[in-house]
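Trainee: Here you go, work13.txt (compact mmCIF, N, CA and C atoms):
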```
# COMPACT_ATOMS: atom_id res chain seq x y z
N MET A 1 128.75 30.79 -131.48
CA MET A 1 127.80 30.25 -132.42
C MET A 1 126.71 29.48 -131.69
N ARG A 2 127.08 28.75 -130.67
CA ARG A 2 126.08 27.94 -129.94
C ARG A 2 125.05 28.81 -129.24
N TYR A 3 125.47 29.98 -128.78
CA TYR A 3 124.51 30.88 -128.13
C TYR A 3 123.47 31.36 -129.12
N ARG A 4 123.91 31.71 -130.30
CA ARG A 4 122.97 32.17 -131.33
C ARG A 4 122.05 31.03 -131.78
N GLN A 5 122.58 29.83 -131.85
CA GLN A 5 121.74 28.66 -132.18
C GLN A 5 120.69 28.44 -131.10
N ALA A 6 121.10 28.54 -129.84
CA ALA A 6 120.16 28.36 -128.73
C ALA A 6 119.07 29.43 -128.77
N ILE A 7 119.46 30.66 -129.06
CA ILE A 7 118.48 31.74 -129.15
C ILE A 7 117.50 31.48 -130.29
N ALA A 8 118.00 31.01 -131.42
CA ALA A 8 117.11 30.70 -132.55
C ALA A 8 116.11 29.62 -132.16
N LEU A 9 116.56 28.59 -131.47
CA LEU A 9 115.66 27.52 -131.05
C LEU A 9 114.62 28.01 -130.04
N LEU A 10 115.07 28.77 -129.05
CA LEU A 10 114.14 29.32 -128.06
C LEU A 10 113.16 30.30 -128.69
N ALA A 11 113.63 31.08 -129.66
CA ALA A 11 112.74 32.02 -130.35
C ALA A 11 111.69 31.27 -131.16
N LEU A 12 112.05 30.13 -131.71
CA LEU A 12 111.09 29.32 -132.45
C LEU A 12 110.01 28.78 -131.51
N VAL A 13 110.41 28.33 -130.34
CA VAL A 13 109.44 27.87 -129.34
C VAL A 13 108.51 29.01 -128.95
N GLY A 14 109.09 30.16 -128.62
CA GLY A 14 108.29 31.33 -128.25
C GLY A 14 107.37 31.77 -129.38
N LEU A 15 107.86 31.68 -130.61
CA LEU A 15 107.05 32.05 -131.77
C LEU A 15 105.81 31.16 -131.87
N PHE A 16 105.96 29.87 -131.65
CA PHE A 16 104.81 28.97 -131.72
C PHE A 16 103.80 29.27 -130.62
N VAL A 17 104.29 29.57 -129.42
CA VAL A 17 103.38 29.92 -128.32
C VAL A 17 102.63 31.21 -128.65
N ALA A 18 103.35 32.23 -129.08
CA ALA A 18 102.73 33.52 -129.40
C ALA A 18 101.77 33.38 -130.58
N LEU A 19 102.14 32.58 -131.55
CA LEU A 19 101.27 32.37 -132.71
C LEU A 19 99.97 31.68 -132.30
N TYR A 20 100.06 30.70 -131.42
CA TYR A 20 98.86 30.03 -130.91
C TYR A 20 97.94 31.04 -130.21
N LEU A 21 98.52 31.86 -129.36
CA LEU A 21 97.72 32.86 -128.63
C LEU A 21 97.14 33.91 -129.57
N TRP A 22 97.89 34.30 -130.56
CA TRP A 22 97.41 35.29 -131.52
C TRP A 22 96.26 34.73 -132.35
N LEU A 23 96.42 33.50 -132.83
CA LEU A 23 95.34 32.88 -133.60
C LEU A 23 94.08 32.74 -132.75
N HIS A 24 94.25 32.41 -131.47
CA HIS A 24 93.10 32.35 -130.57
C HIS A 24 92.44 33.73 -130.46
N ALA A 25 93.25 34.77 -130.32
CA ALA A 25 92.72 36.13 -130.20
C ALA A 25 91.96 36.55 -131.46
N LEU A 26 92.36 35.99 -132.60
CA LEU A 26 91.69 36.30 -133.86
C LEU A 26 90.44 35.45 -134.08
N GLY A 27 90.20 34.50 -133.16
CA GLY A 27 88.99 33.70 -133.25
C GLY A 27 89.16 32.33 -133.88
N PHE A 28 90.39 31.91 -134.10
CA PHE A 28 90.65 30.60 -134.68
C PHE A 28 90.89 29.57 -133.58
N GLY A 29 90.42 28.36 -133.78
CA GLY A 29 90.78 27.26 -132.88
C GLY A 29 89.86 27.04 -131.70
N GLY A 30 88.82 27.82 -131.55
CA GLY A 30 87.90 27.59 -130.44
C GLY A 30 88.47 28.02 -129.11
N ALA A 31 88.05 27.30 -128.06
CA ALA A 31 88.50 27.63 -126.70
C ALA A 31 89.99 27.36 -126.55
N ILE A 32 90.65 28.21 -125.79
CA ILE A 32 92.08 28.05 -125.56
C ILE A 32 92.32 26.86 -124.64
N LYS A 33 93.31 26.07 -124.95
CA LYS A 33 93.64 24.87 -124.17
C LYS A 33 94.57 25.28 -123.03
N CYS A 34 94.04 25.22 -121.81
CA CYS A 34 94.82 25.72 -120.67
C CYS A 34 94.66 24.89 -119.42
N GLY A 35 93.94 23.81 -119.48
CA GLY A 35 93.71 23.03 -118.28
C GLY A 35 92.49 23.54 -117.52
N ALA A 36 92.32 23.03 -116.33
CA ALA A 36 91.11 23.30 -115.55
C ALA A 36 91.09 24.68 -114.90
N SER A 37 92.23 25.35 -114.83
CA SER A 37 92.29 26.61 -114.09
C SER A 37 91.45 27.72 -114.72
N GLY A 38 91.35 27.74 -116.04
CA GLY A 38 90.60 28.80 -116.71
C GLY A 38 91.32 30.13 -116.75
N GLY A 39 92.53 30.17 -116.26
CA GLY A 39 93.28 31.43 -116.22
C GLY A 39 93.60 31.99 -117.59
N CYS A 40 93.82 31.12 -118.55
CA CYS A 40 94.18 31.59 -119.89
C CYS A 40 93.03 32.38 -120.51
N GLU A 41 91.85 31.85 -120.41
CA GLU A 41 90.69 32.53 -120.98
C GLU A 41 90.46 33.88 -120.27
N THR A 42 90.64 33.89 -118.96
CA THR A 42 90.48 35.13 -118.19
C THR A 42 91.48 36.18 -118.66
N VAL A 43 92.73 35.77 -118.83
CA VAL A 43 93.78 36.70 -119.26
C VAL A 43 93.53 37.15 -120.69
N GLN A 44 93.22 36.20 -121.57
CA GLN A 44 93.07 36.51 -122.99
C GLN A 44 91.84 37.35 -123.32
N THR A 45 90.86 37.37 -122.41
CA THR A 45 89.66 38.19 -122.65
C THR A 45 89.63 39.45 -121.79
N SER A 46 90.69 39.70 -121.05
CA SER A 46 90.73 40.88 -120.20
C SER A 46 90.95 42.14 -121.04
N GLN A 47 90.75 43.29 -120.43
CA GLN A 47 90.96 44.56 -121.13
C GLN A 47 92.42 44.77 -121.50
N TRP A 48 93.33 44.06 -120.84
CA TRP A 48 94.76 44.21 -121.11
C TRP A 48 95.26 43.27 -122.19
N ALA A 49 94.38 42.49 -122.79
CA ALA A 49 94.77 41.56 -123.85
C ALA A 49 95.01 42.27 -125.18
N VAL A 50 94.68 43.57 -125.22
CA VAL A 50 94.89 44.37 -126.42
C VAL A 50 95.79 45.54 -126.05
N PHE A 51 96.81 45.79 -126.87
CA PHE A 51 97.76 46.86 -126.63
C PHE A 51 97.91 47.65 -127.92
N LEU A 52 97.64 48.93 -127.88
CA LEU A 52 97.71 49.81 -129.06
C LEU A 52 96.87 49.26 -130.21
N GLY A 53 95.71 48.72 -129.86
CA GLY A 53 94.77 48.26 -130.88
C GLY A 53 95.01 46.87 -131.43
N MET A 54 96.05 46.20 -130.97
CA MET A 54 96.36 44.85 -131.46
C MET A 54 96.41 43.88 -130.29
N PRO A 55 96.07 42.60 -130.53
CA PRO A 55 96.22 41.62 -129.45
C PRO A 55 97.68 41.57 -128.98
N VAL A 56 97.87 41.44 -127.69
CA VAL A 56 99.23 41.39 -127.13
C VAL A 56 100.05 40.29 -127.78
N ALA A 57 99.42 39.17 -128.08
CA ALA A 57 100.14 38.05 -128.68
C ALA A 57 100.75 38.41 -130.03
N PHE A 58 100.14 39.36 -130.73
CA PHE A 58 100.71 39.82 -132.01
C PHE A 58 102.11 40.37 -131.81
N TYR A 59 102.29 41.13 -130.74
CA TYR A 59 103.62 41.69 -130.46
C TYR A 59 104.61 40.58 -130.12
N GLY A 60 104.12 39.53 -129.49
CA GLY A 60 104.97 38.37 -129.23
C GLY A 60 105.41 37.71 -130.53
N VAL A 61 104.49 37.55 -131.47
CA VAL A 61 104.83 36.97 -132.76
C VAL A 61 105.91 37.80 -133.44
N ILE A 62 105.71 39.12 -133.47
CA ILE A 62 106.67 40.02 -134.11
C ILE A 62 108.03 39.95 -133.39
N GLY A 63 108.00 39.99 -132.07
CA GLY A 63 109.25 39.96 -131.30
C GLY A 63 110.03 38.67 -131.47
N TYR A 64 109.33 37.55 -131.34
CA TYR A 64 110.02 36.26 -131.51
C TYR A 64 110.51 36.06 -132.94
N LEU A 65 109.73 36.53 -133.91
CA LEU A 65 110.16 36.44 -135.30
C LEU A 65 111.41 37.28 -135.53
N ALA A 66 111.44 38.47 -134.96
CA ALA A 66 112.63 39.32 -135.08
C ALA A 66 113.84 38.65 -134.44
N LEU A 67 113.66 38.07 -133.26
CA LEU A 67 114.77 37.37 -132.60
C LEU A 67 115.25 36.19 -133.44
N LEU A 68 114.33 35.44 -134.01
CA LEU A 68 114.69 34.30 -134.84
C LEU A 68 115.48 34.74 -136.07
N ILE A 69 115.01 35.78 -136.73
CA ILE A 69 115.69 36.27 -137.93
C ILE A 69 117.08 36.79 -137.60
N VAL A 70 117.20 37.57 -136.53
CA VAL A 70 118.51 38.12 -136.16
C VAL A 70 119.47 37.00 -135.74
N ALA A 71 118.96 36.02 -134.98
CA ALA A 71 119.81 34.91 -134.57
C ALA A 71 120.30 34.11 -135.78
N LEU A 72 119.41 33.85 -136.73
CA LEU A 72 119.81 33.11 -137.94
C LEU A 72 120.76 33.92 -138.80
N ALA A 73 120.50 35.23 -138.91
CA ALA A 73 121.41 36.09 -139.68
C ALA A 73 122.79 36.12 -139.03
N GLY A 74 122.81 36.07 -137.71
CA GLY A 74 124.09 36.07 -136.99
C GLY A 74 124.85 34.77 -137.09
N LEU A 75 124.21 33.74 -137.63
CA LEU A 75 124.88 32.45 -137.82
C LEU A 75 125.56 32.31 -139.18
N ARG A 76 125.37 33.30 -140.03
CA ARG A 76 126.07 33.26 -141.32
C ARG A 76 127.57 33.29 -141.07
N PRO A 77 128.36 32.56 -141.85
CA PRO A 77 129.81 32.55 -141.63
C PRO A 77 130.44 33.94 -141.56
N ALA A 78 129.98 34.85 -142.40
CA ALA A 78 130.54 36.21 -142.41
C ALA A 78 130.18 36.98 -141.15
N ALA A 79 129.11 36.60 -140.46
CA ALA A 79 128.63 37.34 -139.29
C ALA A 79 129.12 36.76 -137.97
N LEU A 80 129.70 35.57 -138.00
CA LEU A 80 130.05 34.89 -136.76
C LEU A 80 131.00 35.69 -135.86
N ALA A 81 131.93 36.39 -136.46
CA ALA A 81 132.91 37.14 -135.66
C ALA A 81 132.42 38.52 -135.25
N GLU A 82 131.26 38.94 -135.73
CA GLU A 82 130.77 40.29 -135.46
C GLU A 82 129.99 40.32 -134.14
N ARG A 83 130.47 41.10 -133.22
CA ARG A 83 129.84 41.23 -131.90
C ARG A 83 128.52 41.98 -131.97
N THR A 84 128.30 42.75 -133.01
CA THR A 84 127.07 43.54 -133.13
C THR A 84 125.83 42.65 -133.16
N TRP A 85 125.94 41.44 -133.67
CA TRP A 85 124.80 40.53 -133.69
C TRP A 85 124.39 40.16 -132.26
N ASN A 86 125.38 39.99 -131.39
CA ASN A 86 125.08 39.69 -129.99
C ASN A 86 124.39 40.88 -129.32
N LEU A 87 124.85 42.08 -129.66
CA LEU A 87 124.22 43.28 -129.11
C LEU A 87 122.78 43.43 -129.60
N ARG A 88 122.54 43.14 -130.86
CA ARG A 88 121.19 43.20 -131.40
C ARG A 88 120.27 42.20 -130.69
N LEU A 89 120.78 40.99 -130.51
CA LEU A 89 119.98 39.95 -129.83
C LEU A 89 119.69 40.36 -128.39
N LEU A 90 120.68 40.89 -127.70
CA LEU A 90 120.47 41.33 -126.33
C LEU A 90 119.48 42.50 -126.26
N GLY A 91 119.57 43.42 -127.20
CA GLY A 91 118.63 44.55 -127.23
C GLY A 91 117.19 44.08 -127.43
N LEU A 92 116.98 43.21 -128.40
CA LEU A 92 115.64 42.69 -128.65
C LEU A 92 115.13 41.89 -127.45
N ALA A 93 115.99 41.07 -126.88
CA ALA A 93 115.59 40.25 -125.73
C ALA A 93 115.27 41.13 -124.52
N THR A 94 116.00 42.20 -124.34
CA THR A 94 115.73 43.11 -123.22
C THR A 94 114.36 43.77 -123.37
N VAL A 95 114.04 44.22 -124.57
CA VAL A 95 112.70 44.78 -124.81
C VAL A 95 111.65 43.72 -124.49
N GLY A 96 111.88 42.48 -124.93
CA GLY A 96 110.94 41.40 -124.66
C GLY A 96 110.77 41.10 -123.19
N VAL A 97 111.86 41.08 -122.44
CA VAL A 97 111.81 40.79 -121.01
C VAL A 97 111.08 41.91 -120.26
N VAL A 98 111.34 43.14 -120.62
CA VAL A 98 110.67 44.27 -119.96
C VAL A 98 109.17 44.23 -120.24
N PHE A 99 108.79 43.99 -121.49
CA PHE A 99 107.37 43.92 -121.84
C PHE A 99 106.70 42.73 -121.13
N THR A 100 107.40 41.61 -121.07
CA THR A 100 106.88 40.43 -120.39
C THR A 100 106.73 40.68 -118.89
N ALA A 101 107.67 41.38 -118.28
CA ALA A 101 107.56 41.72 -116.86
C ALA A 101 106.32 42.58 -116.61
N TYR A 102 106.08 43.53 -117.49
CA TYR A 102 104.88 44.38 -117.40
C TYR A 102 103.61 43.53 -117.50
N LEU A 103 103.58 42.62 -118.46
CA LEU A 103 102.40 41.76 -118.64
C LEU A 103 102.21 40.80 -117.48
N THR A 104 103.30 40.30 -116.93
CA THR A 104 103.21 39.39 -115.78
C THR A 104 102.69 40.14 -114.56
N TYR A 105 103.13 41.37 -114.38
CA TYR A 105 102.60 42.20 -113.30
C TYR A 105 101.08 42.34 -113.45
N ILE A 106 100.64 42.62 -114.66
CA ILE A 106 99.20 42.77 -114.91
C ILE A 106 98.45 41.48 -114.57
N GLU A 107 99.01 40.35 -115.01
CA GLU A 107 98.37 39.06 -114.71
C GLU A 107 98.22 38.85 -113.20
N LEU A 108 99.32 39.07 -112.49
CA LEU A 108 99.35 38.76 -111.06
C LEU A 108 98.54 39.74 -110.22
N PHE A 109 98.65 41.03 -110.49
CA PHE A 109 98.12 42.04 -109.59
C PHE A 109 96.86 42.76 -110.07
N LEU A 110 96.56 42.69 -111.34
CA LEU A 110 95.36 43.36 -111.85
C LEU A 110 94.29 42.37 -112.32
N ILE A 111 94.71 41.35 -113.04
CA ILE A 111 93.75 40.36 -113.52
C ILE A 111 93.52 39.26 -112.48
N HIS A 112 94.54 38.97 -111.70
CA HIS A 112 94.49 37.90 -110.69
C HIS A 112 94.23 36.54 -111.32
N ALA A 113 94.89 36.30 -112.44
CA ALA A 113 94.80 35.01 -113.13
C ALA A 113 96.13 34.77 -113.84
N ILE A 114 96.48 33.50 -113.99
CA ILE A 114 97.72 33.12 -114.65
C ILE A 114 97.39 32.30 -115.89
N CYS A 115 97.97 32.69 -117.00
CA CYS A 115 97.83 31.96 -118.25
C CYS A 115 99.08 31.10 -118.43
N ARG A 116 98.89 29.80 -118.51
CA ARG A 116 100.04 28.89 -118.67
C ARG A 116 100.82 29.17 -119.94
N TRP A 117 100.13 29.55 -121.00
CA TRP A 117 100.81 29.87 -122.25
C TRP A 117 101.66 31.13 -122.09
N CYS A 118 101.15 32.08 -121.34
CA CYS A 118 101.90 33.31 -121.08
C CYS A 118 103.14 33.02 -120.24
N VAL A 119 103.01 32.12 -119.28
CA VAL A 119 104.15 31.71 -118.47
C VAL A 119 105.20 31.04 -119.37
N GLY A 120 104.74 30.20 -120.30
CA GLY A 120 105.67 29.56 -121.24
C GLY A 120 106.42 30.58 -122.07
N SER A 121 105.71 31.60 -122.52
CA SER A 121 106.35 32.67 -123.28
C SER A 121 107.34 33.44 -122.41
N ALA A 122 106.95 33.70 -121.16
CA ALA A 122 107.84 34.42 -120.23
C ALA A 122 109.11 33.63 -119.97
N VAL A 123 108.98 32.33 -119.82
CA VAL A 123 110.17 31.48 -119.62
C VAL A 123 111.05 31.52 -120.87
N SER A 124 110.43 31.46 -122.04
CA SER A 124 111.20 31.49 -123.30
C SER A 124 111.98 32.79 -123.45
N ILE A 125 111.32 33.93 -123.25
CA ILE A 125 112.02 35.21 -123.46
C ILE A 125 113.08 35.43 -122.38
N THR A 126 112.81 34.96 -121.16
CA THR A 126 113.82 35.09 -120.11
C THR A 126 115.04 34.23 -120.43
N ALA A 127 114.80 33.03 -120.91
CA ALA A 127 115.92 32.15 -121.31
C ALA A 127 116.71 32.77 -122.46
N ILE A 128 116.00 33.36 -123.41
CA ILE A 128 116.68 34.04 -124.52
C ILE A 128 117.55 35.17 -123.99
N TRP A 129 117.02 35.95 -123.06
CA TRP A 129 117.79 37.06 -122.49
C TRP A 129 119.05 36.55 -121.78
N VAL A 130 118.91 35.50 -120.99
CA VAL A 130 120.07 34.93 -120.28
C VAL A 130 121.11 34.44 -121.28
N VAL A 131 120.68 33.73 -122.31
CA VAL A 131 121.62 33.23 -123.32
C VAL A 131 122.27 34.39 -124.06
N ALA A 132 121.50 35.43 -124.34
CA ALA A 132 122.07 36.61 -125.02
C ALA A 132 123.13 37.29 -124.16
N VAL A 133 122.89 37.39 -122.86
CA VAL A 133 123.89 37.96 -121.95
C VAL A 133 125.15 37.09 -121.95
N LEU A 134 124.95 35.79 -121.83
CA LEU A 134 126.10 34.88 -121.83
C LEU A 134 126.86 34.95 -123.15
N GLY A 135 126.13 35.04 -124.26
CA GLY A 135 126.77 35.14 -125.57
C GLY A 135 127.57 36.42 -125.72
N LEU A 136 127.07 37.49 -125.15
CA LEU A 136 127.79 38.77 -125.22
C LEU A 136 129.04 38.73 -124.33
N ARG A 137 128.88 38.15 -123.14
CA ARG A 137 130.02 38.06 -122.21
C ARG A 137 131.13 37.17 -122.75
N ARG A 138 130.73 36.13 -123.45
CA ARG A 138 131.72 35.20 -123.99
C ARG A 138 132.15 35.57 -125.40
N ASN A 139 131.57 36.66 -125.91
CA ASN A 139 131.86 37.10 -127.27
C ASN A 139 131.65 35.97 -128.26
N ASP A 140 130.45 35.41 -128.23
CA ASP A 140 130.06 34.32 -129.13
C ASP A 140 130.44 34.64 -130.56
N GLY A 141 131.12 33.75 -131.19
CA GLY A 141 131.51 33.98 -132.58
C GLY A 141 132.60 33.02 -133.00
N MET A 142 133.55 33.52 -133.73
CA MET A 142 134.59 32.69 -134.34
C MET A 142 135.42 31.93 -133.32
N MET A 143 135.63 32.51 -132.15
CA MET A 143 136.48 31.86 -131.16
C MET A 143 135.90 30.54 -130.69
N GLU A 144 134.59 30.37 -130.82
CA GLU A 144 133.93 29.19 -130.30
C GLU A 144 133.89 28.04 -131.27
N ARG A 145 134.04 28.30 -132.52
CA ARG A 145 133.87 27.26 -133.53
C ARG A 145 134.92 26.26 -133.40
```
Would you write out, as structure tokens, the structure that this file holds?

Mentor:
Amino acid sequence: MRYRQAIALLALVGLFVALYLWLHALGFGGAIKCGASGGCETVQTSQWAVFLGMPVAFYGVIGYLALLIVALAGLRPAALAERTWNLRLLGLATVGVVFTAYLTYIELFLIHAICRWCVGSAVSITAIWVVAVLGLRRNDGMMER
């Protein structure tokens, strides 16, 4: 149960980061707050900031929202003993980590700029993946309560 709670909390953090970036991409909020480096603006205005016609941050919002919903659904008393919730969380987190690795590669080697918000999102999804692996290995559920 604690693993699913941790994933829900981390997904909420990631959701706020992705939502901030998405709203910025839609033109809300003015200049992105990133410190003196300017890397965030460089990354967010690059040709890679859009994927399949949508801002990349939109996919982050959808992904983190899906993780949050699945983690919360897995916390229902009837779902606590079901290992399938852990598998679902790990599957979603794996997709997120792979996509984030792709985006980080683009930042480092193609754009040559680092967005602090993107790094925050990368840390969040990586932490979710680690917790999901641990939850699956420990068979998070009724035994833990």

Trainee: At a cut-off of 8 Å, using only N, CA and C atoms, what residues contact A:Thr126? Leave out same-chain residues fewer than 6 positions from it and give the result as a ChimeraX atom specification.

Mentor: /A:93,96-97,120,132

Trainee: Would you save the residues from that selection as a compact mmCIF listing (two decimals), in the coordinates of the input, using N, CA and C atoms?

Mentor:
```txt
# COMPACT_ATOMS: atom_id res chain seq x y z
N ALA A 93 115.99 41.07 -126.88
CA ALA A 93 115.59 40.25 -125.73
C ALA A 93 115.27 41.13 -124.52
N GLY A 96 111.88 42.48 -124.93
CA GLY A 96 110.94 41.40 -124.66
C GLY A 96 110.77 41.10 -123.19
N VAL A 97 111.86 41.08 -122.44
CA VAL A 97 111.81 40.79 -121.01
C VAL A 97 111.08 41.91 -120.26
N GLY A 120 104.74 30.20 -120.30
CA GLY A 120 105.67 29.56 -121.24
C GLY A 120 106.42 30.58 -122.07
N ALA A 132 121.50 35.43 -124.34
CA ALA A 132 122.07 36.61 -125.02
C ALA A 132 123.13 37.29 -124.16
```

Trainee: Find the distance between atom C of A:Gly63 and atom CA of A:Glu82 and write it in Å to one decimal.

Mentor: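 That distance, rounded to one decimal, is 21.2 Å.
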
Trainee: If we count all atoms listed in the file and set the cut-off at 8 Å, which residues sit around stretch 111-114 of chain A, ignoring sequence neighbours fewer than 6 positions away in its own chain? Please answer as a list of chain:residue names.

Mentor: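 In the requested form, the answer reads A:Ser37, A:Gly38, A:Gly39, A:Cys40, A:Glu41, A:Thr42, A:Val43, A:Ser46, A:Tyr105.
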
Trainee: One decimal, Å: what's the distance from atom CA of A:Arg76 over to atom CA of A:Val131, could you say?

Mentor: 18.5 Å

Trainee: Which distance in Å separates atom CA of A:Gly30 and atom N of A:Ala66, to one decimal?

Mentor: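 A separation of 26.3 Å between them.
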
Trainee: Would you please extract all strand (DSSP E or B) residues from chain A, as assigned by DSSP on the backbone, and give them as a ChimeraX atom specification?

Mentor: /A:50-51,54-55

Trainee: Using only C-alpha atoms, can you list as a ChimeraX atom specification the residues within 12 Å of (107.9, 41.1, -117.3)?

Mentor: /A:93-108,118-119,121-126,129

Trainee: Give me, as a PyMOL selection string, the residues of chain A that a backbone DSSP run labels alpha helix (DSSP H).

Mentor: chain A and resi 2-25+39-44+56-73+84-105+116-137
